[in-house]
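Here is data.pdb, consisting of PDB, C-alpha atoms and all ligand atoms:
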```
ATOM      1  CA  MET A  29     -81.078 -16.585 -25.320
ATOM      2  CA  TYR A  30     -78.046 -14.546 -26.476
ATOM      3  CA  PRO A  31     -78.899 -11.894 -29.121
ATOM      4  CA  GLU A  32     -76.703 -13.463 -31.831
ATOM      5  CA  THR A  33     -78.159 -16.944 -31.257
ATOM      6  CA  LYS A  34     -81.683 -15.501 -31.268
ATOM      7  CA  LYS A  35     -81.039 -13.811 -34.634
ATOM      8  CA  LEU A  36     -79.813 -17.143 -35.986
ATOM      9  CA  SER A  37     -82.819 -19.107 -34.713
ATOM     10  CA  SER A  38     -85.170 -16.812 -36.670
ATOM     11  CA  ARG A  39     -83.427 -17.578 -39.981
ATOM     12  CA  GLU A  40     -84.574 -19.967 -42.685
ATOM     13  CA  PRO A  41     -83.235 -23.543 -42.260
ATOM     14  CA  VAL A  42     -79.936 -24.138 -44.064
ATOM     15  CA  ASN A  43     -80.277 -25.672 -47.534
ATOM     16  CA  MET A  44     -78.312 -28.928 -47.465
ATOM     17  CA  ASP A  45     -78.283 -29.157 -51.290
ATOM     18  CA  GLN A  46     -75.305 -26.778 -51.292
ATOM     19  CA  SER A  47     -73.247 -29.089 -49.123
ATOM     20  CA  ASP A  48     -69.611 -29.611 -50.198
ATOM     21  CA  LEU A  49     -68.468 -32.729 -48.358
ATOM     22  CA  GLY A  50     -64.826 -32.176 -49.280
ATOM     23  CA  PHE A  51     -64.763 -28.912 -47.302
ATOM     24  CA  ALA A  52     -63.705 -30.427 -43.949
ATOM     25  CA  LYS A  53     -60.931 -32.391 -45.679
ATOM     26  CA  GLN A  54     -59.719 -29.230 -47.417
ATOM     27  CA  ILE A  55     -59.649 -27.324 -44.081
ATOM     28  CA  GLY A  56     -57.955 -30.245 -42.345
ATOM     29  CA  GLU A  57     -55.171 -30.391 -44.919
ATOM     30  CA  VAL A  58     -54.374 -26.687 -44.681
ATOM     31  CA  ALA A  59     -55.057 -26.088 -40.972
ATOM     32  CA  GLY A  60     -53.396 -29.422 -40.052
ATOM     33  CA  THR A  61     -56.287 -30.715 -37.962
ATOM     34  CA  ASP A  62     -58.938 -33.449 -38.383
ATOM     35  CA  LEU A  63     -62.389 -31.875 -38.176
ATOM     36  CA  ASN A  64     -64.114 -35.243 -38.570
ATOM     37  CA  ALA A  65     -62.859 -36.124 -35.079
ATOM     38  CA  CYS A  66     -65.209 -33.483 -33.589
ATOM     39  CA  LEU A  67     -67.694 -34.960 -31.102
ATOM     40  CA  THR A  68     -69.930 -31.834 -31.028
ATOM     41  CA  CYS A  69     -69.464 -31.867 -27.258
ATOM     42  CA  MET A  70     -69.587 -28.036 -27.177
ATOM     43  CA  SER A  71     -66.708 -27.759 -24.699
ATOM     44  CA  CYS A  72     -65.083 -25.244 -27.064
ATOM     45  CA  SER A  73     -68.138 -22.951 -27.054
ATOM     46  CA  GLY A  74     -68.521 -23.402 -23.286
ATOM     47  CA  GLY A  75     -65.015 -22.019 -22.724
ATOM     48  CA  CYS A  76     -64.985 -19.399 -25.487
ATOM     49  CA  PRO A  77     -64.888 -15.831 -24.070
ATOM     50  CA  MET A  78     -66.501 -14.484 -27.264
ATOM     51  CA  TYR A  79     -69.340 -17.001 -27.554
ATOM     52  CA  THR A  80     -72.005 -14.454 -26.488
ATOM     53  CA  TYR A  81     -71.094 -12.312 -29.474
ATOM     54  CA  MET A  82     -70.990 -15.085 -32.075
ATOM     55  CA  ASP A  83     -73.754 -16.519 -34.237
ATOM     56  CA  TYR A  84     -72.699 -20.191 -34.403
ATOM     57  CA  GLY A  85     -69.865 -20.386 -31.887
ATOM     58  CA  PRO A  86     -66.793 -22.606 -32.421
ATOM     59  CA  HIS A  87     -68.691 -25.929 -32.115
ATOM     60  CA  GLY A  88     -71.192 -24.659 -34.718
ATOM     61  CA  ILE A  89     -68.411 -23.762 -37.143
ATOM     62  CA  MET A  90     -66.917 -27.256 -36.726
ATOM     63  CA  ARG A  91     -70.320 -28.796 -37.467
ATOM     64  CA  LEU A  92     -70.976 -26.568 -40.491
ATOM     65  CA  SER A  93     -67.551 -27.438 -41.863
ATOM     66  CA  VAL A  94     -68.031 -31.198 -41.390
ATOM     67  CA  LEU A  95     -71.432 -30.908 -43.114
ATOM     68  CA  GLY A  96     -69.751 -29.047 -45.988
ATOM     69  CA  LEU A  97     -71.831 -25.888 -45.484
ATOM     70  CA  LYS A  98     -69.087 -23.626 -46.713
ATOM     71  CA  LYS A  99     -71.184 -20.529 -47.447
ATOM     72  CA  GLU A 100     -72.691 -20.512 -43.934
ATOM     73  CA  ALA A 101     -69.278 -20.971 -42.308
ATOM     74  CA  LEU A 102     -67.590 -18.273 -44.416
ATOM     75  CA  SER A 103     -70.377 -15.721 -43.943
ATOM     76  CA  SER A 104     -70.676 -16.224 -40.168
ATOM     77  CA  SER A 105     -69.800 -13.565 -37.601
ATOM     78  CA  THR A 106     -68.094 -16.304 -35.519
ATOM     79  CA  ILE A 107     -64.940 -16.468 -37.660
ATOM     80  CA  TRP A 108     -64.396 -12.679 -37.317
ATOM     81  CA  ARG A 109     -65.260 -12.399 -33.633
ATOM     82  CA  CYS A 110     -62.826 -15.156 -32.650
ATOM     83  CA  VAL A 111     -59.884 -13.485 -30.920
ATOM     84  CA  GLY A 112     -57.520 -16.438 -31.359
ATOM     85  CA  CYS A 113     -57.061 -17.036 -27.607
ATOM     86  CA  HIS A 114     -56.851 -20.880 -28.048
ATOM     87  CA  THR A 115     -59.025 -21.546 -24.971
ATOM     88  CA  CYS A 116     -61.195 -23.796 -27.149
ATOM     89  CA  ALA A 117     -58.229 -25.891 -28.274
ATOM     90  CA  ALA A 118     -57.066 -26.259 -24.657
ATOM     91  CA  VAL A 119     -60.403 -27.786 -23.609
ATOM     92  CA  CYS A 120     -61.155 -29.777 -26.777
ATOM     93  CA  PRO A 121     -61.035 -33.525 -25.933
ATOM     94  CA  MET A 122     -60.037 -34.259 -29.538
ATOM     95  CA  ALA A 123     -57.222 -31.661 -29.632
ATOM     96  CA  ILE A 124     -58.671 -29.892 -32.675
ATOM     97  CA  ASP A 125     -56.860 -26.660 -33.578
ATOM     98  CA  ILE A 126     -60.013 -24.552 -33.655
ATOM     99  CA  ALA A 127     -58.227 -21.172 -33.755
ATOM    100  CA  GLY A 128     -56.251 -22.438 -36.760
ATOM    101  CA  VAL A 129     -59.515 -23.380 -38.475
ATOM    102  CA  MET A 130     -60.943 -19.886 -37.807
ATOM    103  CA  ASP A 131     -57.792 -18.355 -39.270
ATOM    104  CA  TYR A 132     -58.090 -20.469 -42.397
ATOM    105  CA  LEU A 133     -61.790 -19.637 -42.796
ATOM    106  CA  ARG A 134     -61.135 -15.869 -42.515
ATOM    107  CA  GLY A 135     -58.615 -16.182 -45.360
ATOM    108  CA  GLU A 136     -61.095 -18.230 -47.432
ATOM    109  CA  CYS A 137     -63.835 -15.667 -46.798
ATOM    110  CA  LEU A 138     -61.628 -12.993 -48.385
ATOM    111  CA  LYS A 139     -60.365 -15.199 -51.201
ATOM    112  CA  GLU A 140     -63.867 -16.300 -52.174
ATOM    113  CA  LYS A 141     -65.132 -12.715 -51.833
ATOM    114  CA  VAL A 142     -67.905 -13.707 -49.413
ATOM    115  CA  GLN A 143     -69.569 -10.825 -47.547
ATOM    116  CA  PRO A 144     -67.889 -10.962 -44.068
ATOM    117  CA  GLY A 145     -70.201 -11.620 -41.108
ATOM    118  CA  ASP A 146     -68.660  -8.635 -39.302
ATOM    119  CA  ARG A 147     -67.132  -6.121 -41.718
ATOM    120  CA  PRO A 148     -65.956  -3.569 -39.086
ATOM    121  CA  ILE A 149     -63.663  -6.232 -37.581
ATOM    122  CA  LEU A 150     -62.147  -6.958 -41.005
ATOM    123  CA  GLU A 151     -61.639  -3.215 -41.489
ATOM    124  CA  PHE A 152     -59.947  -3.020 -38.074
ATOM    125  CA  HIS A 153     -57.470  -5.736 -39.135
ATOM    126  CA  ARG A 154     -56.795  -3.804 -42.353
ATOM    127  CA  ALA A 155     -56.284  -0.493 -40.537
ATOM    128  CA  PHE A 156     -53.818  -2.219 -38.169
ATOM    129  CA  LEU A 157     -51.817  -3.736 -41.051
ATOM    130  CA  TRP A 158     -51.822  -0.446 -42.926
ATOM    131  CA  SER A 159     -50.314   1.317 -39.885
ATOM    132  CA  VAL A 160     -47.688  -1.415 -39.380
ATOM    133  CA  ARG A 161     -46.745  -1.176 -43.052
ATOM    134  CA  ARG A 162     -46.191   2.571 -42.732
ATOM    135  CA  HIS A 163     -44.251   2.676 -39.458
ATOM    136  CA  GLY A 164     -43.085  -0.842 -38.683
ATOM    137  CA  ARG A 165     -45.313  -0.747 -35.606
ATOM    138  CA  CYS A 166     -48.855   0.295 -34.878
ATOM    139  CA  HIS A 167     -49.596   3.999 -34.352
ATOM    140  CA  LYS A 168     -52.774   3.859 -32.288
ATOM    141  CA  VAL A 169     -54.182   7.308 -33.088
ATOM    142  CA  GLU A 170     -53.735   6.657 -36.794
ATOM    143  CA  LEU A 171     -55.266   3.184 -36.390
ATOM    144  CA  MET A 172     -58.360   4.673 -34.752
ATOM    145  CA  GLY A 173     -58.727   7.433 -37.350
ATOM    146  CA  HIS A 174     -58.271   5.005 -40.242
ATOM    147  CA  HIS A 175     -60.707   2.518 -38.765
ATOM    148  CA  LYS A 176     -63.322   5.249 -38.335
ATOM    149  CA  LEU A 177     -62.876   6.240 -41.981
ATOM    150  CA  LEU A 178     -63.181   2.644 -43.195
ATOM    151  CA  THR A 179     -66.361   2.131 -41.161
ATOM    152  CA  PHE A 180     -67.869   5.495 -42.065
ATOM    153  CA  GLY A 181     -71.086   3.739 -43.123
ATOM    154  CA  SER A 182     -71.698   2.673 -39.496
ATOM    155  CA  GLY A 183     -73.033   6.191 -38.808
ATOM    156  CA  PRO A 184     -72.128   9.245 -36.725
ATOM    157  CA  LYS A 185     -72.672   7.437 -33.401
ATOM    158  CA  ALA A 186     -69.900   4.959 -34.188
ATOM    159  CA  TRP A 187     -67.705   7.845 -35.315
ATOM    160  CA  PHE A 188     -67.796   9.802 -32.074
ATOM    161  CA  GLN A 189     -68.415   7.106 -29.449
ATOM    162  CA  ASP A 190     -64.743   6.986 -28.358
ATOM    163  CA  ALA A 191     -63.985  10.706 -28.730
ATOM    164  CA  ILE A 192     -64.066  11.555 -25.018
ATOM    165  CA  LEU A 193     -62.083   8.477 -23.983
ATOM    166  CA  GLY A 194     -59.522   9.122 -26.749
ATOM    167  CA  THR A 195     -59.061  12.767 -25.692
ATOM    168  CA  ARG A 196     -58.566  11.706 -22.058
ATOM    169  CA  MET A 197     -55.962   9.138 -23.093
ATOM    170  CA  ILE A 198     -54.058  11.721 -25.159
ATOM    171  CA  LEU A 199     -54.084  14.161 -22.222
ATOM    172  CA  LYS A 200     -52.727  11.451 -19.900
ATOM    173  CA  GLY A 201     -49.975  10.572 -22.379
ATOM    174  CA  LYS A 202     -51.381   7.087 -23.044
ATOM    175  CA  LEU A 203     -51.810   7.861 -26.754
ATOM    176  CA  HIS A 204     -49.269   9.749 -28.846
ATOM    177  CA  LEU A 205     -50.333  12.019 -31.673
ATOM    178  CA  LEU A 206     -47.093  11.513 -33.630
ATOM    179  CA  PRO A 207     -45.970   8.026 -34.727
ATOM    180  CA  SER A 208     -42.622   6.482 -33.848
ATOM    181  CA  ARG A 209     -41.016   4.531 -36.665
ATOM    182  CA  ILE A 210     -38.563   1.608 -36.534
ATOM    183  CA  MET A 211     -35.207   1.767 -38.390
ATOM    184  CA  SER A 212     -35.469   1.653 -42.188
ATOM    185  CA  ARG A 213     -33.774  -1.764 -42.581
ATOM    186  CA  GLY A 214     -36.251  -3.298 -40.175
ATOM    187  CA  LEU A 215     -39.094  -1.440 -41.837
ATOM    188  CA  SER A 216     -38.480  -2.991 -45.255
ATOM    189  CA  GLN A 217     -38.310  -6.409 -43.562
ATOM    190  CA  VAL A 218     -41.635  -5.782 -41.832
ATOM    191  CA  ARG A 219     -43.214  -4.641 -45.094
ATOM    192  CA  LYS A 220     -42.069  -7.829 -46.801
ATOM    193  CA  THR A 221     -43.231 -10.232 -44.091
ATOM    194  CA  VAL A 222     -46.080  -8.724 -42.056
ATOM    195  CA  VAL A 223     -48.427  -7.392 -44.676
ATOM    196  CA  GLY A 224     -50.182 -10.289 -46.340
ATOM    197  CA  ASP A 225     -53.018 -10.507 -48.815
ATOM    198  CA  TRP A 226     -55.539  -8.967 -46.452
ATOM    199  CA  LEU A 227     -54.788  -5.435 -47.633
ATOM    200  CA  ASN A 228     -55.380  -6.388 -51.246
ATOM    201  CA  MET A 229     -58.517  -8.506 -50.902
TER     202      MET A 229
HETATM  203  S1  LIG A 301     -64.507 -29.116 -28.019
HETATM  204 FE1  LIG A 301     -63.591 -30.182 -29.774
HETATM  205  S2  LIG A 301     -64.785 -32.080 -29.969
HETATM  206 FE2  LIG A 301     -65.978 -30.679 -28.666
HETATM  207  S3  LIG A 301     -67.355 -29.586 -30.111
HETATM  208 FE3  LIG A 301     -65.516 -28.336 -29.862
HETATM  209  S4  LIG A 301     -64.183 -28.970 -31.569
HETATM  210 FE4  LIG A 301     -65.720 -30.566 -31.329
HETATM  211  S1  LIG A 302     -59.723 -19.098 -30.130
HETATM  212 FE1  LIG A 302     -61.592 -18.098 -30.873
HETATM  213  S2  LIG A 302     -63.157 -19.697 -30.840
HETATM  214 FE2  LIG A 302     -61.436 -20.405 -29.558
HETATM  215  S3  LIG A 302     -61.991 -19.793 -27.464
HETATM  216 FE3  LIG A 302     -60.707 -18.147 -28.328
HETATM  217  S4  LIG A 302     -62.183 -16.703 -29.226
HETATM  218 FE4  LIG A 302     -63.287 -18.610 -28.881
END
```

Could you render the structure from this file as structure tokens?
Amino acid sequence: MYPETKKLSSREPVNMDQSDLGFAKQIGEVAGTDLNACLTCMSCSGGCPMYTYMDYGPHGIMRLSVLGLKKEALSSSTIWRCVGCHTCAAVCPMAIDIAGVMDYLRGECLKEKVQPGDRPILEFHRAFLWSVRRHGRCHKVELMGHHKLLTFGSGPKAWFQDAILGTRMILKGKLHLLPSRIMSRGLSQVRKTVVGDWLNM
């Protein structure tokens, strides 16, 4: 059994009293997809490259959403570990936009101030947006440094695990210590459009 699935199987059963049956409808309206059409065939999870690292997997998130188990869906690691590759949607016999649902649920997780199922990934998104807001494009060295600061609580091992690789990449010219910035007109445009609510939530 995969480690994430094993962790899940040792948890208390989900309390169905908290079910919000309007949740799937709400997702469907915003994400533009009908979750009630899901057959629970698991084709999405079978094709998902990140399934090993997820607790519920895409089919599980669909099921939780249809059952109205909002808290479980929003606090899952699945919605943060999804990389938005759309493989699931390509194999889904009911053409459900699963990546769109994951996107919506990540936003809801922040809006509802639910503890994210994988905080370091959220902090990585924030560090990326912060760098784009400053330069109009991502400065990778800054992104790494910022991400390490934001995830300081993960411990010294996490802090230094990429140090040797990073130094090698700098020496080979694959990473640049100084940022390059886009022209100021473009920069103000990027600041207006790229940086959403994620930096403020
Ligand atoms: S592939 Fe589509 S129909 Fe099958 S479980 Fe996933 S979302 Fe549901
Ligand atoms: S979009 Fe997300 S859930 Fe779908 S296959 Fe890719 S990683 Fe998995």

Residues within 12 Å of Asn43 in chain A, only C-alpha atoms, excluding chain neighbours under 6 positions, as a compact mmCIF listing (two decimals) with C-alpha atoms, in the frame of the given file:
```
# COMPACT_ATOMS: atom_id res chain seq x y z
CA LEU A 92 -70.98 -26.57 -40.49
CA LEU A 95 -71.43 -30.91 -43.11
CA GLY A 96 -69.75 -29.05 -45.99
CA LEU A 97 -71.83 -25.89 -45.48
CA LYS A 98 -69.09 -23.63 -46.71
CA LYS A 99 -71.18 -20.53 -47.45
CA GLU A 100 -72.69 -20.51 -43.93
```

Test item: residues at most 12 Å from Leu102 in chain A, all atoms listed in the file, excluding those fewer than 4 positions along its chain, as a ChimeraX atom specification: /A:51,84,89-90,92-93,96-98,106-108,129-146

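Here CA of Gly60 in chain A is placed at a distance of 24.8 Å from CA of Gln46 in chain A.
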
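Minimum atom-to-atom distance to ligand LIG 301 (chain A), evaluated using all atoms listed in the file, belongs to A:Leu67 out of A:Leu178, A:Ala101, A:Leu67, A:Cys110.
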
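This file gives the following result for the PyMOL selection byres (((chain A and resi 116-126) around 9) and not hetatm): Ala59, Gly60, Thr61, Asp62, Leu63, Ala65, Cys66, Leu67, Cys69, Met70, Ser71, Cys72, Ser73, Gly74, Gly75, Cys76, Pro86, His87, Met90, Gly112, Cys113, His114, Thr115, Ala127, Gly128, Val129, Met130 and Asp131 of chain A.
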
Ground truth for the PyMOL selection byres (((chain A and resi 208) around 8) and not hetatm), written as a VMD selection string: chain A and resid 163 165 167 206 to 207 209 to 210

Residues of the last selection are to be written out with C-alpha atoms, as a compact mmCIF listing (two decimals), keeping the file's coordinate frame.
```txt
# COMPACT_ATOMS: atom_id res chain seq x y z
CA HIS A 163 -44.25 2.68 -39.46
CA ARG A 165 -45.31 -0.75 -35.61
CA HIS A 167 -49.60 4.00 -34.35
CA LEU A 206 -47.09 11.51 -33.63
CA PRO A 207 -45.97 8.03 -34.73
CA ARG A 209 -41.02 4.53 -36.66
CA ILE A 210 -38.56 1.61 -36.53
```

Shell of 6 Å around Ala155 in chain A, all atoms listed in the file, local chain residues under 2 positions omitted, as a PyMOL selection string: chain A and resi 152-153+157-158+171+174-175

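From CA of Glu151 in chain A back to CA of Thr179 in chain A, the distance works out to 7.1 Å.
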
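Each of A:Val94, A:Met44, A:Leu150, A:Ala186 was compared to ligand LIG 301 (chain A) using only C-alpha atoms and all ligand atoms, and A:Val94 turns out to be the nearest.
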
Nearest to ligand LIG 301 (chain A) by atom-to-atom distance, counting all atoms listed in the file, from A:Ile192, A:Gly56, A:Gly88, A:Val169: A:Gly88

Take every atom of ligand LIG 302 (chain A) listed in the file, pad by 4 Å on each side, and give me the axis-aligned box centre and edge lengths in Å, one decimal, as lines of an AutoDock Vina configuration file.
```
center_x = -61.5
center_y = -18.6
center_z = -29.2
size_x = 11.6
size_y = 11.7
size_z = 11.4
```
